[in-house]
>>> print(open('entry-v6.pdb').read())   # PDB, C-alpha atoms
ATOM      1  CA  MET A   1     -76.774  65.644 111.071
ATOM      2  CA  GLY A   2     -80.513  65.693 110.655
ATOM      3  CA  ALA A   3     -82.283  63.245 108.431
ATOM      4  CA  ILE A   4     -84.293  64.414 105.452
ATOM      5  CA  SER A   5     -87.612  62.767 104.907
ATOM      6  CA  ARG A   6     -88.482  61.284 101.561
ATOM      7  CA  ARG A   7     -91.539  63.476 101.365
ATOM      8  CA  ALA A   8     -89.462  66.557 102.032
ATOM      9  CA  ALA A   9     -86.982  65.557  99.383
ATOM     10  CA  LEU A  10     -89.741  65.062  96.851
ATOM     11  CA  ALA A  11     -91.457  68.309  97.745
ATOM     12  CA  ALA A  12     -88.285  70.296  97.386
ATOM     13  CA  PRO A  13     -87.690  72.180  94.167
ATOM     14  CA  ALA A  14     -85.422  70.811  91.525
ATOM     15  CA  ALA A  15     -82.693  72.948  93.028
ATOM     16  CA  VAL A  16     -82.297  70.161  95.563
ATOM     17  CA  ALA A  17     -81.103  67.944  92.758
ATOM     18  CA  LEU A  18     -78.558  70.562  91.848
ATOM     19  CA  MET A  19     -77.066  70.756  95.332
ATOM     20  CA  GLY A  20     -73.504  69.601  95.238
ATOM     21  CA  ALA A  21     -73.100  70.329  91.541
ATOM     22  CA  ALA A  22     -69.990  72.388  92.151
ATOM     23  CA  PRO A  23     -68.128  73.830  89.198
ATOM     24  CA  GLY A  24     -65.944  71.169  87.706
ATOM     25  CA  ASN A  25     -68.053  68.376  89.151
ATOM     26  CA  PRO A  26     -67.776  65.542  86.632
ATOM     27  CA  ASP A  27     -71.465  64.872  87.176
ATOM     28  CA  ALA A  28     -72.554  68.451  86.499
ATOM     29  CA  GLU A  29     -74.260  67.556  83.225
ATOM     30  CA  LEU A  30     -75.882  64.470  84.734
ATOM     31  CA  ILE A  31     -77.175  66.530  87.654
ATOM     32  CA  ARG A  32     -78.490  69.224  85.329
ATOM     33  CA  ARG A  33     -80.288  66.676  83.168
ATOM     34  CA  CYS A  34     -81.787  64.940  86.219
ATOM     35  CA  ALA A  35     -83.121  68.288  87.425
ATOM     36  CA  VAL A  36     -84.685  68.909  84.015
ATOM     37  CA  LEU A  37     -86.300  65.480  84.111
ATOM     38  CA  VAL A  38     -87.682  66.028  87.602
ATOM     39  CA  GLU A  39     -89.184  69.324  86.456
ATOM     40  CA  ALA A  40     -90.666  67.575  83.441
ATOM     41  CA  TYR A  41     -92.230  65.015  85.758
ATOM     42  CA  ARG A  42     -93.718  67.753  87.916
ATOM     43  CA  ALA A  43     -95.101  69.587  84.912
ATOM     44  CA  HIS A  44     -96.592  66.380  83.578
ATOM     45  CA  ALA A  45     -98.135  65.551  86.951
ATOM     46  CA  LEU A  46     -99.655  69.035  87.246
ATOM     47  CA  HIS A  47    -100.994  68.763  83.748
ATOM     48  CA  GLY A  48    -102.791  65.551  84.668
ATOM     49  CA  THR A  49    -103.981  62.816  82.391
ATOM     50  CA  CYS A  50    -103.361  63.558  78.773
ATOM     51  CA  GLU A  51    -103.604  61.924  75.418
ATOM     52  CA  GLU A  52    -100.676  60.294  73.747
ATOM     53  CA  GLY A  53     -98.350  62.805  72.183
ATOM     54  CA  CYS A  54     -99.027  65.688  74.570
ATOM     55  CA  ARG A  55     -96.135  68.081  74.934
ATOM     56  CA  PHE A  56     -95.680  67.348  78.638
ATOM     57  CA  GLY A  57     -95.266  63.666  77.977
ATOM     58  CA  ALA A  58     -92.978  64.373  75.054
ATOM     59  CA  ALA A  59     -90.828  66.684  77.173
ATOM     60  CA  MET A  60     -90.551  63.983  79.798
ATOM     61  CA  GLU A  61     -89.493  61.378  77.300
ATOM     62  CA  ALA A  62     -86.956  63.714  75.728
ATOM     63  CA  ALA A  63     -85.465  64.564  79.105
ATOM     64  CA  GLU A  64     -85.174  60.912  80.028
ATOM     65  CA  GLU A  65     -83.599  59.784  76.773
ATOM     66  CA  GLY A  66     -80.450  57.809  77.604
ATOM     67  CA  LEU A  67     -80.127  59.400  81.038
ATOM     68  CA  VAL A  68     -80.319  56.174  83.022
ATOM     69  CA  ASP A  69     -77.199  54.922  81.291
ATOM     70  CA  VAL A  70     -75.128  57.945  82.273
ATOM     71  CA  PRO A  71     -72.977  56.734  85.188
ATOM     72  CA  ALA A  72     -72.657  58.811  88.345
ATOM     73  CA  TYR A  73     -69.087  59.479  89.427
ATOM     74  CA  THR A  74     -69.933  61.463  92.559
ATOM     75  CA  PHE A  75     -72.462  61.183  95.348
ATOM     76  CA  ALA A  76     -74.088  64.364  94.148
ATOM     77  CA  GLY A  77     -74.690  62.682  90.806
ATOM     78  CA  LEU A  78     -75.942  59.562  92.532
ATOM     79  CA  ARG A  79     -78.398  61.571  94.606
ATOM     80  CA  ALA A  80     -79.687  63.312  91.492
ATOM     81  CA  LYS A  81     -80.413  59.928  89.929
ATOM     82  CA  ALA A  82     -82.010  58.680  93.155
ATOM     83  CA  LEU A  83     -84.346  61.685  93.175
ATOM     84  CA  VAL A  84     -85.399  60.894  89.628
ATOM     85  CA  ALA A  85     -86.155  57.302  90.631
ATOM     86  CA  ALA A  86     -88.128  58.532  93.640
ATOM     87  CA  HIS A  87     -90.310  60.631  91.357
ATOM     88  CA  MET A  88     -90.810  57.744  88.984
ATOM     89  CA  ALA A  89     -91.810  55.560  91.926
ATOM     90  CA  GLN A  90     -94.476  57.972  93.125
ATOM     91  CA  GLU A  91     -97.944  56.437  93.082
ATOM     92  CA  PRO A  92    -101.169  58.471  92.954
ATOM     93  CA  ASP A  93    -101.951  57.550  96.561
ATOM     94  CA  GLY A  94     -98.681  59.057  97.781
ATOM     95  CA  THR A  95     -96.832  55.809  98.293
ATOM     96  CA  GLN A  96     -93.718  54.837  96.405
ATOM     97  CA  ASN A  97     -93.235  51.708  94.352
ATOM     98  CA  PHE A  98     -89.841  51.074  92.808
ATOM     99  CA  ALA A  99     -91.107  48.217  90.658
ATOM    100  CA  ASP A 100     -89.898  47.969  87.082
ATOM    101  CA  TYR A 101     -93.165  49.243  85.656
ATOM    102  CA  ASN A 102     -92.491  52.563  87.372
ATOM    103  CA  CYS A 103     -88.728  52.838  87.409
ATOM    104  CA  GLY A 104     -87.494  50.668  84.562
ATOM    105  CA  GLY A 105     -83.754  50.243  84.798
ATOM    106  CA  TRP A 106     -83.187  53.159  87.173
ATOM    107  CA  THR A 107     -83.082  51.127  90.384
ATOM    108  CA  GLY A 108     -80.433  48.779  89.038
ATOM    109  CA  ALA A 109     -78.399  51.625  87.580
ATOM    110  CA  ILE A 110     -78.357  53.407  90.936
ATOM    111  CA  VAL A 111     -77.320  50.305  92.866
ATOM    112  CA  ARG A 112     -74.514  49.727  90.357
ATOM    113  CA  ASP A 113     -73.348  53.331  90.650
ATOM    114  CA  PHE A 114     -73.506  53.182  94.424
ATOM    115  CA  LEU A 115     -71.522  49.958  94.682
ATOM    116  CA  ARG A 116     -68.928  51.308  92.279
ATOM    117  CA  LEU A 117     -68.616  54.563  94.228
ATOM    118  CA  THR A 118     -68.227  52.725  97.524
ATOM    119  CA  HIS A 119     -66.066  49.950  96.084
ATOM    120  CA  GLY A 120     -68.684  47.527  97.317
ATOM    121  CA  SER A 121     -67.694  47.790 100.921
ATOM    122  CA  GLU A 122     -65.543  50.736 101.786
ATOM    123  CA  PRO A 123     -67.723  53.239 103.644
ATOM    124  CA  ALA A 124     -64.747  54.567 105.576
ATOM    125  CA  ALA A 125     -63.299  55.933 102.344
ATOM    126  CA  ILE A 126     -66.309  58.166 101.683
TER
ATOM    127  CA  MET B   1     -80.532  16.529 102.391
ATOM    128  CA  ALA B   2     -82.212  15.990  99.053
ATOM    129  CA  THR B   3     -81.007  18.246  96.304
ATOM    130  CA  HIS B   4     -83.506  19.643  93.867
ATOM    131  CA  ALA B   5     -81.699  22.865  93.191
ATOM    132  CA  ASN B   6     -83.125  23.547  89.743
ATOM    133  CA  SER B   7     -86.775  23.004  90.533
ATOM    134  CA  THR B   8     -86.595  24.684  93.900
ATOM    135  CA  SER B   9     -84.802  27.660  92.417
ATOM    136  CA  THR B  10     -87.638  28.253  89.981
ATOM    137  CA  ARG B  11     -90.222  27.958  92.684
ATOM    138  CA  ARG B  12     -88.319  30.118  95.094
ATOM    139  CA  ARG B  13     -87.814  32.811  92.535
ATOM    140  CA  LEU B  14     -91.564  33.130  92.336
ATOM    141  CA  VAL B  15     -91.859  33.264  96.097
ATOM    142  CA  ALA B  16     -88.997  35.577  96.911
ATOM    143  CA  GLY B  17     -88.158  37.346  93.702
ATOM    144  CA  GLY B  18     -84.788  35.738  94.012
ATOM    145  CA  ALA B  19     -82.543  33.653  91.833
ATOM    146  CA  ALA B  20     -80.122  30.807  92.183
ATOM    147  CA  SER B  21     -77.064  32.367  93.607
ATOM    148  CA  VAL B  22     -73.626  32.457  92.124
ATOM    149  CA  ALA B  23     -70.821  33.299  94.440
ATOM    150  CA  ILE B  24     -69.479  36.738  93.628
ATOM    151  CA  THR B  25     -66.508  38.651  94.799
ATOM    152  CA  ALA B  26     -67.793  40.843  97.543
ATOM    153  CA  GLY B  27     -64.946  43.315  97.545
ATOM    154  CA  ALA B  28     -63.335  44.057 100.840
ATOM    155  CA  SER B  29     -64.041  42.004 103.917
ATOM    156  CA  ALA B  30     -67.210  42.261 105.891
ATOM    157  CA  SER B  31     -65.230  43.504 108.828
ATOM    158  CA  ALA B  32     -64.226  46.551 106.798
ATOM    159  CA  GLN B  33     -67.891  47.410 106.402
ATOM    160  CA  ARG B  34     -68.342  47.516 110.125
ATOM    161  CA  ARG B  35     -66.031  50.483 110.449
ATOM    162  CA  ASP B  36     -68.069  53.487 111.435
ATOM    163  CA  ALA B  37     -71.192  51.439 111.001
ATOM    164  CA  GLY B  38     -72.655  52.771 114.226
ATOM    165  CA  CYS B  39     -76.283  51.948 114.669
ATOM    166  CA  ASP B  40     -76.451  49.954 111.450
ATOM    167  CA  ALA B  41     -74.501  47.129 113.041
ATOM    168  CA  GLU B  42     -77.645  45.016 113.312
ATOM    169  CA  LEU B  43     -78.515  45.608 109.656
ATOM    170  CA  ILE B  44     -74.982  44.854 108.499
ATOM    171  CA  ALA B  45     -74.939  41.637 110.491
ATOM    172  CA  ALA B  46     -78.328  40.688 109.060
ATOM    173  CA  CYS B  47     -77.046  41.328 105.525
ATOM    174  CA  ASP B  48     -74.013  39.133 106.179
ATOM    175  CA  ARG B  49     -76.254  36.355 107.462
ATOM    176  CA  PHE B  50     -78.632  36.747 104.528
ATOM    177  CA  ILE B  51     -75.829  36.502 101.971
ATOM    178  CA  GLU B  52     -74.459  33.443 103.706
ATOM    179  CA  ALA B  53     -77.912  31.835 103.811
ATOM    180  CA  TRP B  54     -78.459  32.708 100.152
ATOM    181  CA  ARG B  55     -75.194  31.112  99.109
ATOM    182  CA  THR B  56     -75.814  28.036 101.239
ATOM    183  CA  ASP B  57     -79.265  27.583  99.749
ATOM    184  CA  GLY B  58     -77.944  28.053  96.233
ATOM    185  CA  ARG B  59     -75.110  25.621  96.822
ATOM    186  CA  GLU B  60     -77.010  22.881  98.612
ATOM    187  CA  GLY B  61     -80.393  23.206  96.996
ATOM    188  CA  GLY B  62     -82.455  22.209  99.973
ATOM    189  CA  LEU B  63     -85.798  20.481  99.980
ATOM    190  CA  LEU B  64     -88.369  20.859  97.250
ATOM    191  CA  ASP B  65     -91.039  21.891  99.722
ATOM    192  CA  CYS B  66     -89.981  25.336 100.909
ATOM    193  CA  GLU B  67     -92.242  25.275 103.925
ATOM    194  CA  VAL B  68     -90.343  22.433 105.569
ATOM    195  CA  CYS B  69     -86.878  23.241 104.237
ATOM    196  CA  PRO B  70     -84.572  24.560 106.971
ATOM    197  CA  LEU B  71     -82.327  26.280 104.418
ATOM    198  CA  TRP B  72     -85.266  28.113 102.942
ATOM    199  CA  GLN B  73     -86.605  29.008 106.358
ATOM    200  CA  ALA B  74     -83.244  30.466 107.338
ATOM    201  CA  LEU B  75     -83.059  32.387 104.075
ATOM    202  CA  ASP B  76     -86.567  33.737 104.474
ATOM    203  CA  ARG B  77     -85.901  34.746 108.075
ATOM    204  CA  GLU B  78     -82.728  36.653 107.212
ATOM    205  CA  ARG B  79     -84.298  38.241 104.164
ATOM    206  CA  ASN B  80     -87.170  39.568 106.262
ATOM    207  CA  ALA B  81     -84.696  40.810 108.874
ATOM    208  CA  VAL B  82     -82.775  42.800 106.250
ATOM    209  CA  LEU B  83     -85.875  44.289 104.664
ATOM    210  CA  ALA B  84     -87.271  45.311 108.043
ATOM    211  CA  LEU B  85     -84.237  47.443 108.886
ATOM    212  CA  PRO B  86     -83.834  50.822 107.190
ATOM    213  CA  ALA B  87     -80.215  51.891 106.845
ATOM    214  CA  VAL B  88     -79.173  55.083 108.567
ATOM    215  CA  THR B  89     -75.512  55.125 107.564
ATOM    216  CA  ILE B  90     -73.688  54.719 104.277
ATOM    217  CA  ALA B  91     -72.165  51.537 105.681
ATOM    218  CA  GLY B  92     -75.669  50.177 106.169
ATOM    219  CA  VAL B  93     -76.673  51.074 102.621
ATOM    220  CA  VAL B  94     -73.539  49.380 101.301
ATOM    221  CA  ALA B  95     -74.495  46.220 103.175
ATOM    222  CA  LYS B  96     -77.996  46.295 101.730
ATOM    223  CA  ALA B  97     -76.686  47.024  98.242
ATOM    224  CA  ARG B  98     -74.398  44.012  98.509
ATOM    225  CA  ALA B  99     -77.424  41.904  99.451
ATOM    226  CA  ALA B 100     -79.204  43.319  96.399
ATOM    227  CA  ARG B 101     -76.285  42.401  94.185
ATOM    228  CA  GLU B 102     -76.234  38.903  95.631
ATOM    229  CA  VAL B 103     -79.839  38.150  94.709
ATOM    230  CA  ALA B 104     -79.448  39.923  91.350
ATOM    231  CA  THR B 105     -76.494  37.817  90.303
ATOM    232  CA  LEU B 106     -77.337  35.234  87.678
ATOM    233  CA  PRO B 107     -74.980  33.128  85.589
ATOM    234  CA  GLY B 108     -73.223  35.599  83.329
ATOM    235  CA  GLN B 109     -75.182  38.684  84.321
ATOM    236  CA  ILE B 110     -76.497  40.832  87.140
ATOM    237  CA  ASP B 111     -80.188  41.622  86.823
ATOM    238  CA  TYR B 112     -81.689  44.147  89.233
ATOM    239  CA  SER B 113     -85.212  43.891  87.843
ATOM    240  CA  ASP B 114     -87.790  43.395  90.570
ATOM    241  CA  GLY B 115     -88.635  39.909  89.320
ATOM    242  CA  ILE B 116     -85.105  38.845  90.244
ATOM    243  CA  ALA B 117     -83.855  41.230  92.909
ATOM    244  CA  GLY B 118     -87.191  41.837  94.629
ATOM    245  CA  PRO B 119     -87.467  44.914  96.854
ATOM    246  CA  PHE B 120     -83.740  45.236  97.628
ATOM    247  CA  PRO B 121     -82.784  47.840  94.968
ATOM    248  CA  GLY B 122     -85.773  50.006  95.800
ATOM    249  CA  GLN B 123     -84.872  49.923  99.468
ATOM    250  CA  VAL B 124     -81.329  50.994  98.662
ATOM    251  CA  ILE B 125     -82.694  54.108  96.985
ATOM    252  CA  GLU B 126     -85.123  54.833  99.812
ATOM    253  CA  ASP B 127     -82.304  54.507 102.319
ATOM    254  CA  LEU B 128     -80.015  56.770 100.305
ATOM    255  CA  LEU B 129     -82.647  59.480 100.167
ATOM    256  CA  ARG B 130     -83.441  59.157 103.853
ATOM    257  CA  ILE B 131     -79.851  59.661 104.920
ATOM    258  CA  ALA B 132     -78.808  63.230 105.562
ATOM    259  CA  PRO B 133     -78.010  65.151 102.364
ATOM    260  CA  GLY B 134     -74.502  65.883 103.576
ATOM    261  CA  ALA B 135     -73.653  62.223 103.441
ATOM    262  CA  LEU B 136     -74.186  62.228  99.709
ATOM    263  CA  ALA B 137     -73.076  65.694  98.754
TER
END
>>> encode(input="entry-v6.pdb", output="structure tokens")
Amino acid sequence: MGAISRRAALAAPAAVALMGAAPGNPDAELIRRCAVLVEAYRAHALHGTCEEGCRFGAAMEAAEEGLVDVPAYTFAGLRAKALVAAHMAQEPDGTQNFADYNCGGWTGAIVRDFLRLTHGSEPAAI
Amino acid sequence: MATHANSTSTRRRLVAGGAASVAITAGASASAQRRDAGCDAELIAACDRFIEAWRTDGREGGLLDCEVCPLWQALDRERNAVLALPAVTIAGVVAKARAAREVATLPGQIDYSDGIAGPFPGQVIEDLLRIAPGALA
């Protein structure tokens, strides 16, 4: 199984975040909302620096509203949240920084989801 | 060994982004994690050692001066070993996430902010995204 680079994951369209969102997936809505947020981030980044209240910033904030607190119940949902965090962590120089000032509570939420999904130490059950 | 747990904890939190540890239930045994661990065996072992060093330091306190404290030196060594090893299997990410939870655990709460948990949560996410998509689909 080939590895996917972080850069490749970030460069991929939002459809990547939708991979695994099979019909009936309990995380379908979470995955859809994460994809919307990633697109909002891209649009905001393409738009560049803007004044407070610009529609790109507003769209981003609306898409993010309450999303971090939505728990992931599947690995597809977890990956969607991880991709959001990766976009938040993106620095202008191309590096990633998962510090709170970039990612807020997303890093902790993802670790919690991951440990819950894996029961803390049961990789063989995945 | 002199015990100055409170003052050293404050100082060490500034140095390592850590916190005084509280023993937590780690779920299944460490040996269970090693199943199918493959090439993350070194990382998983390093995480086990780090958690043990973290708990020992939290329990015994150690010396006020970190630079000459053997408990702190062991903790710092294992911490650096964990952070230097990217996980390539889910088992490896689980081990690193457990290390993250260990440093994030405070009395009455678990706080994954970077001021407490340092770079561990961010590394968990990086590792998850690096692993083949099929592992998470």
>>> resolve_selection(input="entry-v6.pdb", expression="the PyMOL selection byres ((chain A and resi 41) around 12)", output="ChimeraX atom specification")
/A:10,13-14,34-40,42-48,55-64,83-90
>>> resolve_selection(input="entry-v6.pdb", expression="the PyMOL selection byres ((chain B and resi 119) around 12)", output="MDAnalysis selection string")
(chainID A and resid 96:100 107:108) or (chainID B and resid 16:18 79:80 82:84 96:97 99:101 103:104 112:118 120:126)
>>> residues_around(input="entry-v6.pdb", residues="B:Val93", least_positions_apart="5", cutoff="9 Å", atoms="all atoms listed in the file", output="PyMOL selection string")
chain B and resi 40+44+86-88+98+123-125+127-128
>>> closest_residue(input="entry-v6.pdb", among="A:Glu65, A:Asp27, A:Glu52, A:Asp93", to="chain B", atoms="all atoms listed in the file")
A:Asp27
>>> atom_distance(input="entry-v6.pdb", atom1="atom CA of A:Cys50", atom2="atom CA of A:Val70")
29.0 Å
>>> atom_distance(input="entry-v6.pdb", atom1="atom CA of B:Gly108", atom2="atom CA of B:Cys47")
23.2 Å
>>> atom_distance(input="entry-v6.pdb", atom1="atom CA of A:Cys103", atom2="atom CA of A:Ile31")
17.9 Å
